[in-house]
file model-v9.pdb (PDB, C-alpha atoms)
ATOM      1  CA  MET Q   5    -130.386 -11.490-129.745
ATOM      2  CA  SER Q   6    -132.203 -10.317-126.577
ATOM      3  CA  TRP Q   7    -129.154 -11.104-124.435
ATOM      4  CA  LEU Q   8    -127.080  -8.848-126.672
ATOM      5  CA  TYR Q   9    -129.600  -6.022-126.418
ATOM      6  CA  ASN Q  10    -129.644  -6.378-122.630
ATOM      7  CA  ALA Q  11    -125.854  -6.425-122.556
ATOM      8  CA  ILE Q  12    -125.727  -3.047-124.256
ATOM      9  CA  VAL Q  13    -128.611  -1.156-122.672
ATOM     10  CA  GLY Q  14    -128.663  -3.115-119.408
ATOM     11  CA  GLY Q  15    -131.657  -5.332-118.895
ATOM     12  CA  GLY Q  16    -133.226  -5.454-115.447
ATOM     13  CA  ASN Q  17    -131.577  -4.589-112.128
ATOM     14  CA  GLY Q  18    -131.429  -0.944-113.089
ATOM     15  CA  GLY Q  19    -129.111  -1.658-115.995
ATOM     16  CA  GLN Q  20    -126.595  -3.667-113.977
ATOM     17  CA  GLY Q  21    -124.459  -5.955-116.034
ATOM     18  CA  ALA Q  22    -124.506  -3.749-119.124
ATOM     19  CA  ILE Q  23    -121.396  -3.447-121.210
ATOM     20  CA  ALA Q  24    -119.326  -0.462-120.069
ATOM     21  CA  LEU Q  25    -119.169   1.920-123.013
ATOM     22  CA  PRO Q  26    -116.468   4.618-123.218
ATOM     23  CA  LEU Q  27    -116.986   7.504-120.815
ATOM     24  CA  ASP Q  28    -115.828  10.144-123.274
ATOM     25  CA  PRO Q  29    -118.587  12.510-124.414
ATOM     26  CA  PRO Q  30    -120.330  10.997-127.445
ATOM     27  CA  PRO Q  31    -119.878  12.735-130.787
ATOM     28  CA  THR Q  32    -122.553  15.001-132.203
ATOM     29  CA  TYR Q  33    -124.098  14.876-135.657
ATOM     30  CA  SER Q  34    -122.775  18.336-136.516
ATOM     31  CA  THR Q  35    -119.106  17.995-135.597
ATOM     32  CA  SER Q  36    -116.479  15.293-135.792
ATOM     33  CA  ALA Q  37    -114.537  14.102-132.808
ATOM     34  CA  ASN Q  38    -111.287  15.855-131.946
ATOM     35  CA  ALA Q  39    -108.026  14.068-132.409
ATOM     36  CA  GLY Q  40    -107.135  11.788-129.539
ATOM     37  CA  ALA Q  41    -104.018  11.718-127.454
ATOM     38  CA  GLY Q  42    -101.007   9.683-128.406
ATOM     39  CA  PRO Q  43    -100.142   6.295-126.939
ATOM     40  CA  SER Q  44     -99.041   6.155-123.335
ATOM     41  CA  HIS Q  45     -96.598   3.930-121.520
ATOM     42  CA  ARG Q  46     -98.343   1.090-119.711
ATOM     43  CA  LEU Q  47     -97.551  -0.116-116.231
ATOM     44  CA  SER Q  48     -97.576  -3.728-115.098
ATOM     45  CA  SER Q  49     -96.762  -5.472-111.848
ATOM     46  CA  ALA Q  50     -94.169  -8.189-111.434
ATOM     47  CA  GLY Q  51     -93.496  -9.722-108.033
ATOM     48  CA  GLY Q  52     -95.263  -6.848-106.318
ATOM     49  CA  HIS Q  53     -93.158  -4.214-108.079
ATOM     50  CA  VAL Q  54     -94.414  -1.790-110.694
ATOM     51  CA  VAL Q  55     -92.550  -2.252-113.953
ATOM     52  CA  LYS Q  56     -92.698   0.331-116.727
ATOM     53  CA  ARG Q  57     -93.051  -1.294-120.118
ATOM     54  CA  LEU Q  58     -90.839   0.215-122.751
ATOM     55  CA  PRO Q  59     -92.509   1.139-126.031
ATOM     56  CA  ARG Q  60     -92.058  -1.194-128.974
ATOM     57  CA  PRO Q  61     -89.339  -0.153-131.429
ATOM     58  CA  PRO Q  62     -90.861   1.452-134.544
ATOM     59  CA  LEU Q  63     -90.832  -0.135-137.960
ATOM     60  CA  ASP Q  64     -87.320   0.285-139.308
ATOM     61  CA  LEU Q  65     -88.176   1.241-142.890
ATOM     62  CA  PRO Q  66     -86.321   3.836-144.990
ATOM     63  CA  ALA Q  67     -89.404   5.862-145.903
ATOM     64  CA  LEU Q  68     -90.597   6.054-142.314
ATOM     65  CA  ASN Q  69     -87.114   6.880-141.044
ATOM     66  CA  MET Q  70     -86.952   9.765-143.525
ATOM     67  CA  ILE Q  71     -89.960  11.509-141.996
ATOM     68  CA  ARG Q  72     -89.480  10.733-138.298
ATOM     69  CA  GLY Q  73     -88.549  13.874-136.415
ATOM     70  CA  LYS Q  74     -89.925  16.039-139.228
ATOM     71  CA  ARG Q  75     -93.335  17.598-139.804
ATOM     72  CA  VAL Q  76     -95.780  14.815-140.581
ATOM     73  CA  ILE Q  77     -99.242  16.305-140.993
ATOM     74  CA  LEU Q  78    -102.517  14.409-140.891
ATOM     75  CA  ALA Q  79    -105.199  16.453-142.642
ATOM     76  CA  SER Q  80    -107.960  14.846-140.622
ATOM     77  CA  ALA Q  81    -109.452  15.316-137.176
ATOM     78  CA  SER Q  82    -110.157  11.588-136.879
ATOM     79  CA  PRO Q  83    -108.574  10.152-133.718
ATOM     80  CA  ARG Q  84    -108.906   6.693-135.257
ATOM     81  CA  ARG Q  85    -106.666   7.612-138.187
ATOM     82  CA  LYS Q  86    -104.079   9.144-135.894
ATOM     83  CA  GLN Q  87    -104.124   6.013-133.744
ATOM     84  CA  LEU Q  88    -103.687   3.780-136.791
ATOM     85  CA  LEU Q  89    -100.672   5.824-137.927
ATOM     86  CA  SER Q  90     -99.123   5.279-134.523
ATOM     87  CA  GLN Q  91     -99.269   1.534-135.163
ATOM     88  CA  ILE Q  92     -96.674   1.911-137.933
ATOM     89  CA  GLY Q  93     -94.498   4.084-135.713
ATOM     90  CA  LEU Q  94     -95.720   7.565-136.680
ATOM     91  CA  THR Q  95     -96.533   8.749-133.178
ATOM     92  CA  ASP Q  96     -95.545  12.396-133.495
ATOM     93  CA  VAL Q  97     -98.159  13.359-136.070
ATOM     94  CA  GLU Q  98     -99.386  16.937-136.331
ATOM     95  CA  VAL Q  99    -103.154  17.057-136.790
ATOM     96  CA  ILE Q 100    -104.381  19.912-138.988
ATOM     97  CA  PRO Q 101    -107.946  19.242-140.157
ATOM     98  CA  SER Q 102    -108.813  20.296-143.674
ATOM     99  CA  SER Q 103    -111.306  23.098-144.227
ATOM    100  CA  PHE Q 104    -112.438  21.615-147.549
ATOM    101  CA  ALA Q 105    -116.235  21.615-147.556
ATOM    102  CA  GLU Q 106    -116.553  17.987-148.792
ATOM    103  CA  ASN Q 107    -119.543  18.977-150.890
ATOM    104  CA  LEU Q 108    -118.640  17.579-154.300
ATOM    105  CA  ASP Q 109    -121.560  16.785-156.585
ATOM    106  CA  LYS Q 110    -122.009  13.037-156.108
ATOM    107  CA  SER Q 111    -123.910  12.733-159.389
ATOM    108  CA  ARG Q 112    -120.722  13.565-161.298
ATOM    109  CA  TYR Q 113    -118.549  10.848-159.752
ATOM    110  CA  GLU Q 114    -118.388   7.124-159.300
ATOM    111  CA  ALA Q 115    -117.781   6.151-155.662
ATOM    112  CA  PHE Q 116    -114.040   5.565-156.166
ATOM    113  CA  GLU Q 117    -113.674   8.877-157.997
ATOM    114  CA  TYR Q 118    -115.679  10.761-155.389
ATOM    115  CA  VAL Q 119    -113.773   9.503-152.356
ATOM    116  CA  LEU Q 120    -110.421  10.020-154.079
ATOM    117  CA  GLU Q 121    -111.180  13.557-155.228
ATOM    118  CA  THR Q 122    -112.394  14.460-151.739
ATOM    119  CA  ALA Q 123    -109.194  13.097-150.165
ATOM    120  CA  ILE Q 124    -107.067  14.961-152.733
ATOM    121  CA  GLN Q 125    -108.794  18.271-152.027
ATOM    122  CA  LYS Q 126    -108.462  17.770-148.262
ATOM    123  CA  CYS Q 127    -104.754  17.061-148.610
ATOM    124  CA  LEU Q 128    -104.157  19.941-151.017
ATOM    125  CA  ASP Q 129    -105.995  22.398-148.760
ATOM    126  CA  VAL Q 130    -103.697  21.679-145.825
ATOM    127  CA  TYR Q 131    -100.556  21.389-147.976
ATOM    128  CA  LYS Q 132    -101.073  24.859-149.465
ATOM    129  CA  ARG Q 133    -101.662  26.340-146.014
ATOM    130  CA  GLU Q 134     -98.561  24.799-144.459
ATOM    131  CA  ILE Q 135     -95.949  24.688-147.215
ATOM    132  CA  ASN Q 136     -94.716  28.209-146.408
ATOM    133  CA  ASN Q 137     -95.296  28.150-142.654
ATOM    134  CA  PRO Q 138     -92.821  30.786-141.370
ATOM    135  CA  VAL Q 139     -92.638  29.297-137.889
ATOM    136  CA  LYS Q 140     -92.642  25.519-138.355
ATOM    137  CA  GLY Q 141     -91.279  25.307-141.873
ATOM    138  CA  GLU Q 142     -92.535  23.128-144.681
ATOM    139  CA  PRO Q 143     -93.940  19.677-143.917
ATOM    140  CA  ALA Q 144     -92.059  16.543-144.883
ATOM    141  CA  ILE Q 145     -95.358  14.945-145.856
ATOM    142  CA  VAL Q 146     -99.091  15.628-145.669
ATOM    143  CA  LEU Q 147    -101.488  12.708-145.418
ATOM    144  CA  SER Q 148    -105.253  12.750-145.864
ATOM    145  CA  ALA Q 149    -108.006  10.176-146.106
ATOM    146  CA  ASP Q 150    -111.706  10.008-146.815
ATOM    147  CA  THR Q 151    -114.132   7.151-146.272
ATOM    148  CA  VAL Q 152    -117.590   6.556-147.705
ATOM    149  CA  ILE Q 153    -120.119   3.763-147.603
ATOM    150  CA  VAL Q 154    -121.626   2.606-150.903
ATOM    151  CA  ASN Q 155    -124.890   0.666-150.713
ATOM    152  CA  TYR Q 156    -126.072  -1.979-153.165
ATOM    153  CA  THR Q 157    -127.691   0.626-155.442
ATOM    154  CA  GLY Q 158    -124.407   2.513-155.757
ATOM    155  CA  GLU Q 159    -125.569   5.381-153.526
ATOM    156  CA  ILE Q 160    -122.804   7.054-151.532
ATOM    157  CA  MET Q 161    -123.682   7.142-147.834
ATOM    158  CA  GLU Q 162    -121.690   9.396-145.534
ATOM    159  CA  LYS Q 163    -122.336  10.538-141.958
ATOM    160  CA  PRO Q 164    -125.894  10.595-140.601
ATOM    161  CA  ARG Q 165    -127.333  14.069-140.073
ATOM    162  CA  SER Q 166    -129.874  13.236-137.365
ATOM    163  CA  GLU Q 167    -130.929  10.409-135.070
ATOM    164  CA  GLU Q 168    -133.822   9.540-137.382
ATOM    165  CA  ALA Q 169    -131.560   9.467-140.419
ATOM    166  CA  HIS Q 170    -129.043   7.400-138.453
ATOM    167  CA  LEU Q 171    -131.601   4.703-137.645
ATOM    168  CA  ALA Q 172    -132.908   4.631-141.214
ATOM    169  CA  MET Q 173    -129.356   4.299-142.521
ATOM    170  CA  LEU Q 174    -128.577   1.288-140.324
ATOM    171  CA  LYS Q 175    -131.878  -0.401-141.191
ATOM    172  CA  ALA Q 176    -131.103  -0.003-144.888
ATOM    173  CA  LEU Q 177    -127.663  -1.572-144.400
ATOM    174  CA  ARG Q 178    -129.164  -4.456-142.408
ATOM    175  CA  ASP Q 179    -132.028  -5.154-144.809
ATOM    176  CA  GLY Q 180    -130.061  -4.783-148.051
ATOM    177  CA  PRO Q 181    -127.268  -6.789-149.659
ATOM    178  CA  PRO Q 182    -123.644  -6.329-148.527
ATOM    179  CA  HIS Q 183    -122.292  -2.793-148.824
ATOM    180  CA  LYS Q 184    -118.862  -1.446-149.693
ATOM    181  CA  VAL Q 185    -116.570   0.706-147.595
ATOM    182  CA  CYS Q 186    -114.258   2.794-149.770
ATOM    183  CA  THR Q 187    -111.305   4.713-148.320
ATOM    184  CA  ALA Q 188    -108.948   6.926-150.275
ATOM    185  CA  VAL Q 189    -105.519   7.855-148.919
ATOM    186  CA  VAL Q 190    -103.463  10.697-150.399
ATOM    187  CA  ALA Q 191     -99.870  11.688-149.625
ATOM    188  CA  MET Q 192     -98.167  14.908-150.750
ATOM    189  CA  ALA Q 193     -94.519  15.836-150.229
ATOM    190  CA  PRO Q 194     -92.569  18.895-151.426
ATOM    191  CA  LEU Q 195     -90.097  18.445-154.266
ATOM    192  CA  GLU Q 196     -86.565  19.781-154.133
ATOM    193  CA  THR Q 197     -86.646  20.385-157.889
ATOM    194  CA  LEU Q 198     -88.663  22.965-159.823
ATOM    195  CA  VAL Q 199     -90.898  20.322-161.386
ATOM    196  CA  HIS Q 200     -94.465  21.643-161.575
ATOM    197  CA  PRO Q 201     -96.482  21.837-159.306
ATOM    198  CA  GLY Q 202     -93.698  21.635-156.719
ATOM    199  CA  TYR Q 203     -94.893  18.537-154.892
ATOM    200  CA  ALA Q 204     -95.209  14.807-155.438
ATOM    201  CA  GLN Q 205     -98.526  13.065-154.917
ATOM    202  CA  GLU Q 206     -99.465   9.437-154.427
ATOM    203  CA  ASN Q 207    -102.951   7.987-154.077
ATOM    204  CA  HIS Q 208    -104.476   4.737-152.876
ATOM    205  CA  VAL Q 209    -108.134   3.666-152.904
ATOM    206  CA  GLU Q 210    -109.274   0.501-151.165
ATOM    207  CA  GLU Q 211    -112.572  -1.336-150.890
ATOM    208  CA  THR Q 212    -113.909  -3.678-148.207
ATOM    209  CA  ILE Q 213    -117.241  -5.494-148.476
ATOM    210  CA  VAL Q 214    -119.268  -5.544-145.249
ATOM    211  CA  THR Q 215    -122.293  -7.735-144.524
ATOM    212  CA  PHE Q 216    -124.635  -6.787-141.696
ATOM    213  CA  ASP Q 217    -126.315  -9.546-139.684
ATOM    214  CA  PRO Q 218    -129.936  -9.713-140.930
ATOM    215  CA  MET Q 219    -130.980 -11.051-137.514
ATOM    216  CA  VAL Q 220    -130.127  -7.744-135.820
ATOM    217  CA  THR Q 221    -133.360  -6.413-134.335
ATOM    218  CA  ASP Q 222    -134.809  -2.925-134.547
ATOM    219  CA  ASP Q 223    -134.435  -2.679-130.768
ATOM    220  CA  LEU Q 224    -130.713  -3.342-131.069
ATOM    221  CA  LEU Q 225    -130.328  -0.765-133.833
ATOM    222  CA  GLU Q 226    -132.223   1.821-131.766
ATOM    223  CA  ALA Q 227    -130.065   1.056-128.735
ATOM    224  CA  TYR Q 228    -126.908   1.447-130.819
ATOM    225  CA  VAL Q 229    -128.065   4.746-132.298
ATOM    226  CA  LYS Q 230    -128.691   6.087-128.784
ATOM    227  CA  THR Q 231    -125.044   5.440-127.867
ATOM    228  CA  ARG Q 232    -124.178   7.953-130.650
ATOM    229  CA  GLU Q 233    -120.979   6.045-131.297
ATOM    230  CA  GLY Q 234    -121.617   6.124-135.037
ATOM    231  CA  ALA Q 235    -122.929   9.678-135.243
ATOM    232  CA  ASP Q 236    -119.737  11.039-136.817
ATOM    233  CA  LYS Q 237    -118.876   8.043-138.994
ATOM    234  CA  ALA Q 238    -119.609   7.185-142.600
ATOM    235  CA  GLY Q 239    -122.438   4.663-142.676
ATOM    236  CA  GLY Q 240    -123.332   5.407-139.068
ATOM    237  CA  TYR Q 241    -121.391   2.634-137.332
ATOM    238  CA  ALA Q 242    -117.949   2.021-135.866
ATOM    239  CA  ILE Q 243    -116.742  -1.488-136.592
ATOM    240  CA  GLN Q 244    -113.901  -1.059-134.078
ATOM    241  CA  GLY Q 245    -116.408  -0.375-131.290
ATOM    242  CA  ALA Q 246    -119.856  -1.572-130.286
ATOM    243  CA  GLY Q 247    -120.846  -1.330-133.940
ATOM    244  CA  SER Q 248    -119.075  -4.645-134.523
ATOM    245  CA  ILE Q 249    -122.152  -6.409-133.125
ATOM    246  CA  LEU Q 250    -124.072  -5.340-136.228
ATOM    247  CA  VAL Q 251    -121.609  -6.974-138.627
ATOM    248  CA  LYS Q 252    -121.769 -10.600-139.753
ATOM    249  CA  LYS Q 253    -118.609 -10.643-141.887
ATOM    250  CA  ILE Q 254    -116.205  -8.541-143.930
ATOM    251  CA  GLU Q 255    -114.270  -9.248-147.114
ATOM    252  CA  GLY Q 256    -111.129  -7.152-147.170
ATOM    253  CA  THR Q 257    -109.100  -5.306-144.562
ATOM    254  CA  PHE Q 258    -110.524  -4.309-141.203
ATOM    255  CA  ASP Q 259    -108.539  -1.074-140.897
ATOM    256  CA  ASN Q 260    -109.995   0.142-144.198
ATOM    257  CA  VAL Q 261    -113.450   0.051-142.598
ATOM    258  CA  VAL Q 262    -112.075   1.919-139.576
ATOM    259  CA  GLY Q 263    -110.891   4.660-141.933
ATOM    260  CA  LEU Q 264    -107.220   4.143-142.844
ATOM    261  CA  PRO Q 265    -105.884   1.039-144.642
ATOM    262  CA  LEU Q 266    -102.398   0.793-143.174
ATOM    263  CA  ARG Q 267    -100.805  -1.294-145.895
ATOM    264  CA  GLY Q 268    -102.027   1.123-148.557
ATOM    265  CA  THR Q 269    -100.959   4.097-146.447
ATOM    266  CA  LEU Q 270     -97.453   2.709-146.073
ATOM    267  CA  LYS Q 271     -97.253   2.188-149.837
ATOM    268  CA  VAL Q 272     -98.129   5.814-150.646
ATOM    269  CA  ILE Q 273     -95.631   7.040-148.038
ATOM    270  CA  GLU Q 274     -92.877   4.887-149.546
ATOM    271  CA  LYS Q 275     -93.668   6.027-153.084
ATOM    272  CA  VAL Q 276     -93.966   9.738-152.324
ATOM    273  CA  MET Q 277     -90.740   9.740-150.304
ATOM    274  CA  SER Q 278     -88.778   7.994-153.072
ATOM    275  CA  ASN Q 279     -86.654  10.721-154.662
ATOM    276  CA  ASP Q 280     -86.501   9.053-158.076
ATOM    277  CA  GLU Q 281     -90.258   8.643-158.297
ATOM    278  CA  MET Q 282     -90.857  12.127-156.917
ATOM    279  CA  VAL Q 283     -88.943  13.671-159.821
ATOM    280  CA  GLU Q 284     -90.248  11.379-162.543
ATOM    281  CA  GLU Q 285     -93.915  11.071-161.560
ATOM    282  CA  GLY Q 286     -94.714  14.407-159.972
ATOM    283  CA  ASP Q 287     -96.757  15.732-162.923
ATOM    284  CA  GLU Q 288     -98.501  12.461-163.666
ATOM    285  CA  GLU Q 289     -99.802  11.881-160.150
ATOM    286  CA  VAL Q 290    -101.378  15.334-159.866
ATOM    287  CA  GLU Q 291    -103.550  14.626-162.903
ATOM    288  CA  GLU Q 292    -105.414  11.781-161.175
TER     289      GLU Q 292
END
call {"tool": "encode", "arguments": {"input": "model-v9.pdb", "output": "structure tokens"}}
result
Amino acid sequence: MSWLYNAIVGGGNGGQGAIALPLDPPPTYSTSANAGAGPSHRLSSAGGHVVKRLPRPPLDLPALNMIRGKRVILASASPRRKQLLSQIGLTDVEVIPSSFAENLDKSRYEAFEYVLETAIQKCLDVYKREINNPVKGEPAIVLSADTVIVNYTGEIMEKPRSEEAHLAMLKALRDGPPHKVCTAVVAMAPLETLVHPGYAQENHVEETIVTFDPMVTDDLLEAYVKTREGADKAGGYAIQGAGSILVKKIEGTFDNVVGLPLRGTLKVIEKVMSNDEMVEEGDEEVEE
């Protein structure tokens, strides 16, 4: 594993040969990263001429077509979630982070219940703020998500609060059995009828089992913590980044570990935008 450690921190020669990590300022333990910019057009060369690549056509699905060009709100500051939404063609997403404190009493909830209730409250907070927006009008849909790590004892692990806590968290994940990554996705859309409470709601909760490589050394964990890549992430690592070197295998979907299971997200969008289901299931979904 020493070659991997040297590749990250740069062994010898003044650090030459180290993996080039992103140059963006690393996140802090007290604040989450701001939403990133949307996808850009790429340039390529052909026969000495610069050719502009046209963007891929979006997914041609009725539910997605219904909300394109309308207010689609993501109640999360996560740039990763916004980027994942762009992969299903939702590139013009309005990011309005929730002000919900995310301080539910963990002792009162199972992991699935906790992550779902947190996502519901985040979505509801933004929905209530924006439904009567006098300038932009009501949103077509509000989406939220929440992700937690659950260790083998059933303890819910969220974002590390300090460098020391970060290192201890990663050591516990390495030294223990496989852990679970649970993500809840919630969609809310206004109803045209007077059915209480005036909006339709659909939920999805997904689980992925992640196994850390037990051969990962303390030196490697310390080097990873110092990159601060995982400082603002549940469990303290980013599987889509350098944190992937800590992982031996996963059972389930990769994007769920990143923070937004796309297949599940598409399902809740399709359900909440279905007029028949919106009228018939509006009350039932709010009770969850």
call {"tool": "closest_residue", "arguments": {"input": "model-v9.pdb", "among": "Q:Leu68, Q:Val229, Q:Ala81, Q:Val262", "to": "Q:Leu171", "atoms": "all atoms listed in the file"}}
result
Q:Val229
call {"tool": "resolve_selection", "arguments": {"input": "model-v9.pdb", "expression": "the PyMOL selection byres ((chain Q and resi 145-159) around 7)", "output": "PDB file with C-alpha atoms, keeping the file's coordinate frame"}}
result
ATOM      1  CA  ARG Q  75     -93.335  17.598-139.804  1.00  0.00           C
ATOM      2  CA  VAL Q  76     -95.780  14.815-140.581  1.00  0.00           C
ATOM      3  CA  ILE Q  77     -99.242  16.305-140.993  1.00  0.00           C
ATOM      4  CA  LEU Q  78    -102.517  14.409-140.891  1.00  0.00           C
ATOM      5  CA  ALA Q  79    -105.199  16.453-142.642  1.00  0.00           C
ATOM      6  CA  SER Q  80    -107.960  14.846-140.622  1.00  0.00           C
ATOM      7  CA  VAL Q 119    -113.773   9.503-152.356  1.00  0.00           C
ATOM      8  CA  THR Q 122    -112.394  14.460-151.739  1.00  0.00           C
ATOM      9  CA  ALA Q 123    -109.194  13.097-150.165  1.00  0.00           C
ATOM     10  CA  LYS Q 126    -108.462  17.770-148.262  1.00  0.00           C
ATOM     11  CA  CYS Q 127    -104.754  17.061-148.610  1.00  0.00           C
ATOM     12  CA  TYR Q 131    -100.556  21.389-147.976  1.00  0.00           C
ATOM     13  CA  PRO Q 143     -93.940  19.677-143.917  1.00  0.00           C
ATOM     14  CA  ALA Q 144     -92.059  16.543-144.883  1.00  0.00           C
ATOM     15  CA  ILE Q 160    -122.804   7.054-151.532  1.00  0.00           C
ATOM     16  CA  MET Q 161    -123.682   7.142-147.834  1.00  0.00           C
ATOM     17  CA  GLU Q 162    -121.690   9.396-145.534  1.00  0.00           C
ATOM     18  CA  PRO Q 181    -127.268  -6.789-149.659  1.00  0.00           C
ATOM     19  CA  PRO Q 182    -123.644  -6.329-148.527  1.00  0.00           C
ATOM     20  CA  HIS Q 183    -122.292  -2.793-148.824  1.00  0.00           C
ATOM     21  CA  LYS Q 184    -118.862  -1.446-149.693  1.00  0.00           C
ATOM     22  CA  VAL Q 185    -116.570   0.706-147.595  1.00  0.00           C
ATOM     23  CA  CYS Q 186    -114.258   2.794-149.770  1.00  0.00           C
ATOM     24  CA  THR Q 187    -111.305   4.713-148.320  1.00  0.00           C
ATOM     25  CA  ALA Q 188    -108.948   6.926-150.275  1.00  0.00           C
ATOM     26  CA  VAL Q 189    -105.519   7.855-148.919  1.00  0.00           C
ATOM     27  CA  VAL Q 190    -103.463  10.697-150.399  1.00  0.00           C
ATOM     28  CA  ALA Q 191     -99.870  11.688-149.625  1.00  0.00           C
ATOM     29  CA  MET Q 192     -98.167  14.908-150.750  1.00  0.00           C
ATOM     30  CA  ALA Q 193     -94.519  15.836-150.229  1.00  0.00           C
ATOM     31  CA  ALA Q 238    -119.609   7.185-142.600  1.00  0.00           C
ATOM     32  CA  GLY Q 239    -122.438   4.663-142.676  1.00  0.00           C
ATOM     33  CA  GLY Q 263    -110.891   4.660-141.933  1.00  0.00           C
ATOM     34  CA  LEU Q 264    -107.220   4.143-142.844  1.00  0.00           C
TER      35      LEU Q 264
END
call {"tool": "resolve_selection", "arguments": {"input": "model-v9.pdb", "expression": "the PyMOL selection byres ((chain Q and resi 88) around 9)", "output": "ChimeraX atom specification"}}
result
/Q:83-87,89-92,94,259,263-266
call {"tool": "closest_residue", "arguments": {"input": "model-v9.pdb", "among": "Q:Lys140, Q:Arg57, Q:Arg112, Q:Lys237", "to": "Q:Lys74", "atoms": "all atoms listed in the file"}}
result
Q:Lys140
call {"tool": "residues_around", "arguments": {"input": "model-v9.pdb", "residues": "Q:Pro164", "least_positions_apart": "3", "cutoff": "7 Å", "atoms": "all atoms listed in the file", "output": "VMD selection string"}}
result
chain Q and resid 33 169 to 170 235 240
call {"tool": "closest_residue", "arguments": {"input": "model-v9.pdb", "among": "Q:Gly268, Q:Ile273, Q:Ala115, Q:Ala246", "to": "Q:Ala204", "atoms": "all atoms listed in the file"}}
result
Q:Ile273
call {"tool": "atom_distance", "arguments": {"input": "model-v9.pdb", "atom1": "atom CA of Q:Asn69", "atom2": "atom CA of Q:Lys271"}}
result
14.2 Å
call {"tool": "closest_residue", "arguments": {"input": "model-v9.pdb", "among": "Q:Ile124, Q:Met70, Q:Val272, Q:Leu174", "to": "Q:Tyr228", "atoms": "all atoms listed in the file"}}
result
Q:Leu174
call {"tool": "atom_distance", "arguments": {"input": "model-v9.pdb", "atom1": "atom CA of Q:Thr95", "atom2": "atom CA of Q:Leu128"}}
result
22.4 Å
call {"tool": "atom_distance", "arguments": {"input": "model-v9.pdb", "atom1": "atom CA of Q:Ile213", "atom2": "atom CA of Q:Gly180"}}
result
12.8 Å
call {"tool": "closest_residue", "arguments": {"input": "model-v9.pdb", "among": "Q:Ala67, Q:Val261, Q:Leu250, Q:Val97", "to": "Q:Asp179", "atoms": "all atoms listed in the file"}}
result
Q:Leu250
call {"tool": "closest_residue", "arguments": {"input": "model-v9.pdb", "among": "Q:Lys110, Q:Arg232, Q:Arg60, Q:His200", "to": "Q:Thr32", "atoms": "all atoms listed in the file"}}
result
Q:Arg232
call {"tool": "axis_aligned_box", "arguments": {"input": "model-v9.pdb", "around": "stretch 213-223 of chain Q", "padding_each_side": "4 Å", "output": "JSON"}}
result
{"center_x": -126.0, "center_y": -6.9, "center_z": -139.6, "size_x": 25.6, "size_y": 16.4, "size_z": 25.7}
call {"tool": "residues_near_point", "arguments": {"input": "model-v9.pdb", "point": "(-107.4, 25.2, -142.9)", "cutoff": "6 Å", "atoms": "only C-alpha atoms", "output": "PyMOL selection string"}}
result
chain Q and resi 102-103+130
call {"tool": "resolve_selection", "arguments": {"input": "model-v9.pdb", "expression": "the PyMOL selection byres ((chain Q and resi 251) around 8)", "output": "list in words"}}
result
Val214, Thr215, Phe216, Asp217, Ile243, Gly247, Ser248, Ile249, Leu250, Lys252, Lys253 and Ile254 of chain Q
call {"tool": "decode", "arguments": {"input": "model-v9.pdb", "residues": "stretch 185-200 of chain Q", "atoms": "C-alpha atoms", "output": "compact mmCIF listing (two decimals), in the first residue's frame"}}
result
# COMPACT_ATOMS: atom_id res chain seq x y z
CA VAL Q 185 -25.16 3.87 3.18
CA CYS Q 186 -28.80 4.95 3.33
CA THR Q 187 -30.17 7.74 1.14
CA ALA Q 188 -33.72 9.05 1.20
CA VAL Q 189 -35.16 11.01 -1.72
CA VAL Q 190 -38.36 13.04 -1.41
CA ALA Q 191 -40.34 14.80 -4.14
CA MET Q 192 -43.18 17.28 -3.58
CA ALA Q 193 -45.36 18.87 -6.25
CA PRO Q 194 -48.36 21.21 -5.91
CA LEU Q 195 -51.81 19.81 -6.59
CA GLU Q 196 -54.32 21.55 -8.82
CA THR Q 197 -57.16 20.23 -6.66
CA LEU Q 198 -58.08 21.21 -3.10
CA VAL Q 199 -57.02 17.85 -1.70
CA HIS Q 200 -55.33 18.37 1.67
